[in-house]
Amino acid sequence: MSKKIHVTTTLNGESVEFLCEARQSLLEVLRETLRLTGAKEGCNNGNCGACTVMLNGVPVNSCLVLAAEVEGAPIETVEGLASHGHLHPIQKCFLEGAALQCGVCTPGFLVAAKALLDKNPEPSEHEIRFNLANNLCRCTGYDKIVRAVQAAARELRTARAAGSVPAGTAGPTAY
Amino acid sequence: MAHTDELYLGKTDYQVLGGRPVRHDGTDKVTGKALYAADIQLPNLAHGKMVRSPHAHARIKAIDASEALKIPGVFAVVTSEDFPDLSDKFALMGEAGQVNLTYLAANCLAKGKVLYKGHAVAAVAAASVHIAEEAAARIRVEYEVLPSVTWVLDAMKEGAPLLHEGLRTDTMGKTGDQPTNVAVHLQFEKGNIAEGFRQADVVVEREFRTASVHQGYIEPHAAVAMWNEDNRLKIWSATQGSFNCRQQVAELLQIPVSQCLVVPCEIGGGFGGKIAVYLEPVAALLSRKCSRPVKMVMQRNEVFEGTGPTPGSFVRVKLGATQDGRLVAGEAFLAYDCGAFPGGMIGPGCMCVFSCYDLPNARVDGYDVCDNKPKTQAYRAPGATQAAFACEQVIDELAERLGIDPIEFRLRNAAKEGTRRVDGPVYPRVGLVECLQAAKTSDHWKSPLSGPNRGRGIAAGFWFNIGGASSCSASVNDDGIVSLVEGSTDIGGTRTSVAMQLAETLGIAAEDVRPQVADTDSVGYTFLTGGSRVTFATGLAAYKLGLDLQEQMKQRAAAIWDCDPASVRVDHGVYSHDGHSLTFKQLAAQIAQNQLDPVVGRASAAPEGSTNTFGVHIADVEVDPETGKVTVLRYTAIQDAGKAVHPSYVEGQMQGGAVQGIGWALNEEYFFDNQDRMRNASFLDYRMPTCLDVPMIETIIVEVPNPTHPYGVRGAGETPIVAPPATIANAIHRAVGVRMQELPMAPPALWKALSRQR
């Protein structure tokens, strides 16, 4: 067996270190080594988005990133979206808008949607569809997902206008 | 199929049904806490990996695992030899009917021959998934490659490569005497078609072909098996039916069902493709051999190459109508492939081809045909979409030829209460007419559509709901919250749609019921999640459970008030007698304080026969004449839900089914090379719709109560996928004048059709 590589970084705002083999993906290490199973493996070749996490503030398919590459690069996963006992507005809007059925694509969509709203607080329907097109959902037909992201964008804008940062939006890329 | 009892209560005002509570398992699923089978971790866990065939059809001459077993960290290898002798064993398995266990085992691990590329041949368990992959690559399998076939009509020809030397055609119970790939020939007839066609002023006959498509669930198959030294087997699985999984595994391993425990995990989509077992029995064999729990998770290419596509099909439909727009006769020929083993979707295909219409004279011939593809599995209204693609286009053409509006033509001939379907059953109250009327008055249908290369199509679809057994139990907690235990695996929110029916019956809030899906040792037998049955059949069990709990609550109230239980009145969850009154929660607290017997209820139901769900879809498309690409501009799905328990989930089923149907219509197909190997086994090359490919899906829920459910509920899950390909084909015809007779209507196919027209 090959020699293991030591990696230090932050995961959902907390420092973390792990050992990995050169061939292990970030997704595998998140799920098997760090036991964060929120990110899902749907295809293992970058085509379904179920494993989407934020790396250096950018959404990536964690199945296409080698774990050994993330030294010093902050990682955020679906497990870091809610904080202090409160759901992030995107999570809340997915629930209230029935934007999930089987739920296996949901973690990827939530992370991708947060990445979009972090950089574009008022996306058009087309911009939402364009930015979420890396994520496959087979259950919903996307309608309620797009509407949930629209609702979350409205909620975040309202909160920002009121000067209050909604619960659950802490983290390196919080607005 | 006999009609079941009239159970509909005729209620019009509901406290809970029709509301949109947040699903009980929702928070787990938006926070990454929900546990799917691939998330299961156990001490001392080994990882299993399949060895799969690179050939579409070949004899297995030898399997040599000696090199693999030398690798450190490799624990065990299994092949078909590790299954017990199952020759000539059959098992009765719910809607699948009599299942030949030899076939089922040979699909899990090939015996003698491989029958499709990706067919599992052997499996290995090792300390890590990477070691297992290395070991799998070192298991040497020697093959003698055989000729293969993957198109259904070719497989039916005399002289076609034979998959099973012993197979003979079963024609309505009579067994043929020639070797063949045709497993079954079905025939249904009503009236006199020769006489019927003589009455016709217009007759249209067309042939249609559809490619194999995959269910496309995002979660790959996954299972963990732990064979204990006391010979008890525990399985965690991504299965649509924990009891069906248990039964298949027990039969395949020849152990008593009660020796096998199946823990249903959250399931990342199934659509019919997670009913048959693939990994579970193999992981169990590996676990027995290496004395560790074994986890097996498929890669995406294994899902495409090794698990159930829906049948590729050839359908010929001939329909005749009179000048005044009355259908008088219909004839259909359907050939569906079932892949490597007999037992495909031809039955429902035959049932559904004319199911939307009141046809006085009809004949349907159907063929179930083996070829070198993975064994086909159910896919959302299995067999109906291919049939509707054919029938609904012929209906559209007839309407056009007769100069009648397509909705009007369908209304004149729509199936309704009393209509006898060609396969026999007579419809009770159904809602097709109401769906067509809703389509006619919809904003979509009334809005003008203009612009070049644009067209609007409409089509109808039908699926039935199977009944089957469901069980549930519940206990009333001191705080008045009801803990509900049910056996139906929850794929799309059925914990909530079932809990809502219990809440409605008890007169309490949906949030005051805590549903959980239990393992096979912890709840009564419950048939699988499929056939649009859970909200209907498990919902019926929940209603009966509510009555049981309510009766017990009345008895406890009577004990507190020292009166006759029959004199306790219950109204909207408030129990009262002679000036006394307690809410459900107050009564629950009183029961605890007075140390009365705890309230524990249970119910089961096994509704016979089926109920019927119709839908009508409308699509506006634009065709790019240069490329043949179709853009869906606007889409509306209309469906009779009986009573929509949770309208958001009914809409979600309609929207999800519509988009799967759009994918089937425009892009999805198994692409085979000249050696019959699937060449597009990835989400990159097997192109499912993304959110950028589709518009919002508008929905109109029609509610024509189902007479066989107390709240009028009809299953909603499957009908939405039936109409889309035909709807889009009809829209394409109106846009550019070509009749697309093949699925998918991908750019190359449409471009060719347009070129022929020029």
# chains A, B, ... in the order shown; residues from 1 in each chain; ligands from 1
>>> interface_residues(of="chain B", to="chain A", cutoff="8 Å", atoms="only C-alpha atoms", output="PyMOL selection string")
chain B and resi 21-23+26-27+29-35+39+216-220+266-269+299-300+490-493+648-649+652-653+655-660+682-684+688-692+695-697
>>> write_last_selection(atoms="C-alpha atoms", output="CSV table (one decimal), in the first residue's frame")
chain,number,residue,atom,x,y,z
B,21,PRO,CA,-47.1,20.4,6.1
B,22,VAL,CA,-43.3,20.2,6.0
B,23,ARG,CA,-42.3,16.5,5.7
B,26,GLY,CA,-37.2,16.8,5.9
B,27,THR,CA,-34.7,18.3,8.3
B,29,LYS,CA,-32.5,15.4,4.4
B,30,VAL,CA,-31.5,19.0,4.1
B,31,THR,CA,-28.8,18.7,6.7
B,32,GLY,CA,-27.1,15.7,5.4
B,33,LYS,CA,-28.0,13.5,8.4
B,34,ALA,CA,-30.4,11.1,6.6
B,35,LEU,CA,-28.8,7.7,6.2
B,39,ASP,CA,-23.7,5.8,4.3
B,216,GLY,CA,-31.9,7.2,-13.7
B,217,TYR,CA,-32.2,7.4,-9.9
B,218,ILE,CA,-29.3,9.5,-8.6
B,219,GLU,CA,-28.4,7.0,-5.8
B,220,PRO,CA,-26.6,3.9,-7.2
B,266,GLU,CA,-33.5,6.2,3.0
B,267,ILE,CA,-33.6,5.5,-0.7
B,268,GLY,CA,-32.3,7.9,-3.4
B,269,GLY,CA,-34.9,7.3,-6.0
B,299,GLN,CA,-20.6,2.7,-9.7
B,300,ARG,CA,-22.8,4.6,-12.2
B,490,ASP,CA,-40.4,6.4,1.8
B,491,ILE,CA,-39.1,7.6,-1.6
B,492,GLY,CA,-40.9,10.9,-2.0
B,493,GLY,CA,-42.7,12.0,1.1
B,648,SER,CA,-47.3,19.8,-3.2
B,649,TYR,CA,-46.3,16.2,-3.3
B,652,GLY,CA,-44.0,17.1,-7.4
B,653,GLN,CA,-45.0,13.7,-8.8
B,655,GLN,CA,-43.6,17.6,-12.4
B,656,GLY,CA,-41.0,14.9,-11.8
B,657,GLY,CA,-42.8,12.4,-14.1
B,658,ALA,CA,-43.2,15.0,-16.8
B,659,VAL,CA,-39.5,15.8,-16.8
B,660,GLN,CA,-38.5,12.2,-16.9
B,682,SER,CA,-22.4,7.6,-17.8
B,683,PHE,CA,-24.5,10.7,-16.9
B,684,LEU,CA,-22.4,12.6,-19.4
B,688,MET,CA,-31.0,13.2,-18.5
B,689,PRO,CA,-32.7,16.6,-18.4
B,690,THR,CA,-30.9,19.3,-16.3
B,691,CYS,CA,-32.8,22.3,-14.9
B,692,LEU,CA,-31.6,24.3,-17.9
B,695,PRO,CA,-39.3,25.2,-18.1
B,696,MET,CA,-41.5,25.4,-15.0
B,697,ILE,CA,-44.0,22.5,-15.1
>>> residues_around(residues="segment 58-73 of chain B", least_positions_apart="5", cutoff="9 Å", atoms="only C-alpha atoms", output="MDAnalysis selection string")
chainID B and resid 53 79 110:116 121:122 124:128 131:132 134:148
>>> residues_around(residues="Arg734 of chain B", least_positions_apart="6", cutoff="12 Å", atoms="only C-alpha atoms", output="PyMOL selection string")
chain B and resi 393+396-397+400+406+449-450+452-458+619-623+727-728+740
>>> residues_around(residues="segment 495-497 of chain B", least_positions_apart="2", cutoff="9 Å", atoms="only C-alpha atoms", output="PyMOL selection string")
chain B and resi 17+21-25+486+488-493+499-501+510+513-517+534-535+539+645-646+649
>>> write_last_selection(atoms="N, CA and C atoms", output="tab-separated table (two decimals), in the first residue's frame")
chain	number	residue	atom	x	y	z
B	17	LEU	N	-56.03	16.83	5.30
B	17	LEU	CA	-55.79	16.54	3.89
B	17	LEU	C	-55.97	17.81	3.06
B	21	PRO	N	-48.10	20.40	4.99
B	21	PRO	CA	-47.12	20.43	6.09
B	21	PRO	C	-45.71	20.06	5.59
B	22	VAL	N	-44.72	20.54	6.32
B	22	VAL	CA	-43.33	20.17	6.02
B	22	VAL	C	-43.13	18.69	6.35
B	23	ARG	N	-42.45	17.98	5.47
B	23	ARG	CA	-42.32	16.54	5.67
B	23	ARG	C	-41.53	16.23	6.94
B	24	HIS	N	-41.95	15.13	7.56
B	24	HIS	CA	-41.39	14.79	8.87
B	24	HIS	C	-39.90	14.46	8.82
B	25	ASP	N	-39.44	13.92	7.68
B	25	ASP	CA	-38.03	13.54	7.55
B	25	ASP	C	-37.24	14.63	6.84
B	486	GLU	N	-44.56	2.36	10.18
B	486	GLU	CA	-45.09	1.80	8.94
B	486	GLU	C	-44.02	1.05	8.17
B	488	SER	N	-43.80	0.94	4.68
B	488	SER	CA	-43.57	1.41	3.31
B	488	SER	C	-42.33	2.29	3.26
B	489	THR	N	-41.34	1.85	2.51
B	489	THR	CA	-40.15	2.68	2.34
B	489	THR	C	-40.57	4.00	1.69
B	490	ASP	N	-39.98	5.08	2.16
B	490	ASP	CA	-40.42	6.43	1.77
B	490	ASP	C	-39.47	7.00	0.73
B	491	ILE	N	-39.94	7.09	-0.51
B	491	ILE	CA	-39.06	7.61	-1.56
B	491	ILE	C	-39.35	9.08	-1.83
B	492	GLY	N	-40.59	9.49	-1.63
B	492	GLY	CA	-40.89	10.86	-2.04
B	492	GLY	C	-41.80	11.62	-1.11
B	493	GLY	N	-41.83	11.22	0.16
B	493	GLY	CA	-42.66	11.97	1.11
B	493	GLY	C	-43.86	11.20	1.62
B	499	ALA	N	-49.01	9.74	7.27
B	499	ALA	CA	-49.24	10.35	8.59
B	499	ALA	C	-50.42	11.32	8.53
B	500	MET	N	-50.56	12.02	7.41
B	500	MET	CA	-51.67	12.98	7.29
B	500	MET	C	-53.02	12.27	7.32
B	501	GLN	N	-53.07	11.07	6.76
B	501	GLN	CA	-54.35	10.35	6.76
B	501	GLN	C	-54.68	9.84	8.16
B	510	ALA	N	-51.12	17.17	11.46
B	510	ALA	CA	-50.14	16.29	10.80
B	510	ALA	C	-48.84	16.27	11.60
B	513	VAL	N	-48.26	13.68	14.44
B	513	VAL	CA	-47.96	12.28	14.16
B	513	VAL	C	-46.48	12.22	13.81
B	514	ARG	N	-45.74	11.27	14.41
B	514	ARG	CA	-44.32	11.09	14.11
B	514	ARG	C	-44.15	9.76	13.39
B	515	PRO	N	-44.06	9.80	12.07
B	515	PRO	CA	-43.95	8.54	11.34
B	515	PRO	C	-42.52	8.02	11.28
B	516	GLN	N	-42.38	6.72	11.32
B	516	GLN	CA	-41.08	6.13	11.01
B	516	GLN	C	-41.28	4.87	10.19
B	517	VAL	N	-40.31	4.62	9.30
B	517	VAL	CA	-40.33	3.41	8.49
B	517	VAL	C	-39.49	2.37	9.22
B	534	VAL	N	-48.65	3.48	-2.21
B	534	VAL	CA	-48.43	3.74	-0.79
B	534	VAL	C	-49.47	4.70	-0.20
B	535	THR	N	-49.65	5.86	-0.84
B	535	THR	CA	-50.60	6.83	-0.28
B	535	THR	C	-52.01	6.25	-0.30
B	539	GLY	N	-52.09	4.28	3.13
B	539	GLY	CA	-53.00	5.31	3.64
B	539	GLY	C	-54.29	4.70	4.17
B	645	VAL	N	-53.78	14.39	-1.12
B	645	VAL	CA	-53.52	14.41	0.32
B	645	VAL	C	-52.60	15.58	0.66
B	646	HIS	N	-51.47	15.66	-0.05
B	646	HIS	CA	-50.52	16.76	0.12
B	646	HIS	C	-50.29	17.33	-1.28
B	649	TYR	N	-46.90	17.46	-2.93
B	649	TYR	CA	-46.28	16.19	-3.33
B	649	TYR	C	-46.93	15.63	-4.58
>>> select_by_dssp(residues="segment 458-694 of chain B", states="alpha helix (DSSP H)", output="ChimeraX atom specification")
/B:494-506,539-561,584-593,647-666
>>> write_last_selection(atoms="C-alpha atoms", output="PDB file, in the first residue's frame")
ATOM      1  CA  THR B 494     -45.015   9.091   1.905  1.00  0.00           C
ATOM      2  CA  ARG B 495     -44.187   9.206   5.607  1.00  0.00           C
ATOM      3  CA  THR B 496     -46.078  12.465   5.529  1.00  0.00           C
ATOM      4  CA  SER B 497     -48.894  11.514   3.148  1.00  0.00           C
ATOM      5  CA  VAL B 498     -49.604   8.436   5.296  1.00  0.00           C
ATOM      6  CA  ALA B 499     -49.245  10.352   8.590  1.00  0.00           C
ATOM      7  CA  MET B 500     -51.666  12.983   7.286  1.00  0.00           C
ATOM      8  CA  GLN B 501     -54.350  10.345   6.758  1.00  0.00           C
ATOM      9  CA  LEU B 502     -53.869   9.064  10.301  1.00  0.00           C
ATOM     10  CA  ALA B 503     -54.013  12.655  11.579  1.00  0.00           C
ATOM     11  CA  GLU B 504     -57.177  13.337   9.585  1.00  0.00           C
ATOM     12  CA  THR B 505     -58.864  10.255  11.030  1.00  0.00           C
ATOM     13  CA  LEU B 506     -57.911  11.211  14.581  1.00  0.00           C
ATOM     14  CA  GLY B 539     -52.997   5.308   3.644  1.00  0.00           C
ATOM     15  CA  LEU B 540     -55.986   2.983   3.935  1.00  0.00           C
ATOM     16  CA  ALA B 541     -54.161   1.050   6.666  1.00  0.00           C
ATOM     17  CA  ALA B 542     -53.429   4.348   8.441  1.00  0.00           C
ATOM     18  CA  TYR B 543     -57.123   5.241   8.279  1.00  0.00           C
ATOM     19  CA  LYS B 544     -58.047   1.902   9.846  1.00  0.00           C
ATOM     20  CA  LEU B 545     -55.313   2.427  12.432  1.00  0.00           C
ATOM     21  CA  GLY B 546     -56.865   5.789  13.250  1.00  0.00           C
ATOM     22  CA  LEU B 547     -60.235   4.154  13.863  1.00  0.00           C
ATOM     23  CA  ASP B 548     -58.576   1.599  16.150  1.00  0.00           C
ATOM     24  CA  LEU B 549     -56.782   4.308  18.158  1.00  0.00           C
ATOM     25  CA  GLN B 550     -59.929   6.398  18.350  1.00  0.00           C
ATOM     26  CA  GLU B 551     -61.935   3.469  19.701  1.00  0.00           C
ATOM     27  CA  GLN B 552     -59.319   2.876  22.395  1.00  0.00           C
ATOM     28  CA  MET B 553     -59.240   6.571  23.267  1.00  0.00           C
ATOM     29  CA  LYS B 554     -63.023   6.471  23.675  1.00  0.00           C
ATOM     30  CA  GLN B 555     -62.707   3.487  26.018  1.00  0.00           C
ATOM     31  CA  ARG B 556     -60.109   5.290  28.130  1.00  0.00           C
ATOM     32  CA  ALA B 557     -62.244   8.436  28.220  1.00  0.00           C
ATOM     33  CA  ALA B 558     -65.201   6.309  29.298  1.00  0.00           C
ATOM     34  CA  ALA B 559     -63.062   4.822  32.075  1.00  0.00           C
ATOM     35  CA  ILE B 560     -62.140   8.307  33.283  1.00  0.00           C
ATOM     36  CA  TRP B 561     -65.737   9.536  33.131  1.00  0.00           C
ATOM     37  CA  PHE B 584     -56.880  14.383  22.121  1.00  0.00           C
ATOM     38  CA  LYS B 585     -53.768  15.701  23.867  1.00  0.00           C
ATOM     39  CA  GLN B 586     -55.553  16.305  27.182  1.00  0.00           C
ATOM     40  CA  LEU B 587     -57.004  12.820  27.059  1.00  0.00           C
ATOM     41  CA  ALA B 588     -53.570  11.341  26.304  1.00  0.00           C
ATOM     42  CA  ALA B 589     -52.186  13.112  29.383  1.00  0.00           C
ATOM     43  CA  GLN B 590     -55.113  11.897  31.507  1.00  0.00           C
ATOM     44  CA  ILE B 591     -54.557   8.312  30.415  1.00  0.00           C
ATOM     45  CA  ALA B 592     -50.976   8.534  31.677  1.00  0.00           C
ATOM     46  CA  GLN B 593     -51.922  10.321  34.905  1.00  0.00           C
ATOM     47  CA  PRO B 647     -50.959  18.863  -3.030  1.00  0.00           C
ATOM     48  CA  SER B 648     -47.268  19.849  -3.151  1.00  0.00           C
ATOM     49  CA  TYR B 649     -46.281  16.192  -3.331  1.00  0.00           C
ATOM     50  CA  VAL B 650     -48.886  15.443  -5.984  1.00  0.00           C
ATOM     51  CA  GLU B 651     -47.564  18.389  -7.990  1.00  0.00           C
ATOM     52  CA  GLY B 652     -44.041  17.108  -7.365  1.00  0.00           C
ATOM     53  CA  GLN B 653     -44.967  13.700  -8.778  1.00  0.00           C
ATOM     54  CA  MET B 654     -46.563  15.342 -11.810  1.00  0.00           C
ATOM     55  CA  GLN B 655     -43.582  17.623 -12.404  1.00  0.00           C
ATOM     56  CA  GLY B 656     -40.975  14.930 -11.847  1.00  0.00           C
ATOM     57  CA  GLY B 657     -42.765  12.421 -14.052  1.00  0.00           C
ATOM     58  CA  ALA B 658     -43.244  15.013 -16.771  1.00  0.00           C
ATOM     59  CA  VAL B 659     -39.537  15.845 -16.828  1.00  0.00           C
ATOM     60  CA  GLN B 660     -38.520  12.181 -16.865  1.00  0.00           C
ATOM     61  CA  GLY B 661     -40.911  11.829 -19.785  1.00  0.00           C
ATOM     62  CA  ILE B 662     -39.357  14.838 -21.515  1.00  0.00           C
ATOM     63  CA  GLY B 663     -35.946  13.187 -21.153  1.00  0.00           C
ATOM     64  CA  TRP B 664     -37.337   9.950 -22.581  1.00  0.00           C
ATOM     65  CA  ALA B 665     -38.918  11.905 -25.418  1.00  0.00           C
ATOM     66  CA  LEU B 666     -35.953  13.996 -26.458  1.00  0.00           C
TER      67      LEU B 666
END
>>> closest_residue(among="B:Leu596, B:Cys391, B:Ala399, B:Ala384", to="Tyr336 of chain B", atoms="only C-alpha atoms")
B:Ala384
>>> closest_residue(among="B:Asn372, B:Thr636, B:Gly615, B:Gln41", to="Thr33 of chain A", atoms="only C-alpha atoms")
B:Gln41
>>> select_by_dssp(residues="chain A", states="strand (DSSP E)", output="list of chain:residue names")
A:Ile5, A:His6, A:Val7, A:Thr8, A:Thr9, A:Thr10, A:Leu11, A:Glu14, A:Ser15, A:Val16, A:Glu17, A:Phe18, A:Leu19, A:Cys20, A:Thr52, A:Val53, A:Met54, A:Leu55, A:Val58, A:Pro59, A:Val60, A:Asn61, A:Ile75, A:Glu76
>>> residues_around(residues="Pro744 of chain B", least_positions_apart="3", cutoff="12 Å", atoms="only C-alpha atoms", output="ChimeraX atom specification")
/B:208-213,312-313,386,389,629-630,661-671,686-688,724-726,728-729,740-741,747-750
>>> residues_around(residues="Val65 of chain A", least_positions_apart="3", cutoff="10 Å", atoms="only C-alpha atoms", output="list in words")
Gln24, Ser25, Leu26, Leu27, Glu28, Gly46, Leu55, Val60, Asn61, Ser62, Ala68, Glu69 and Val70 of chain A
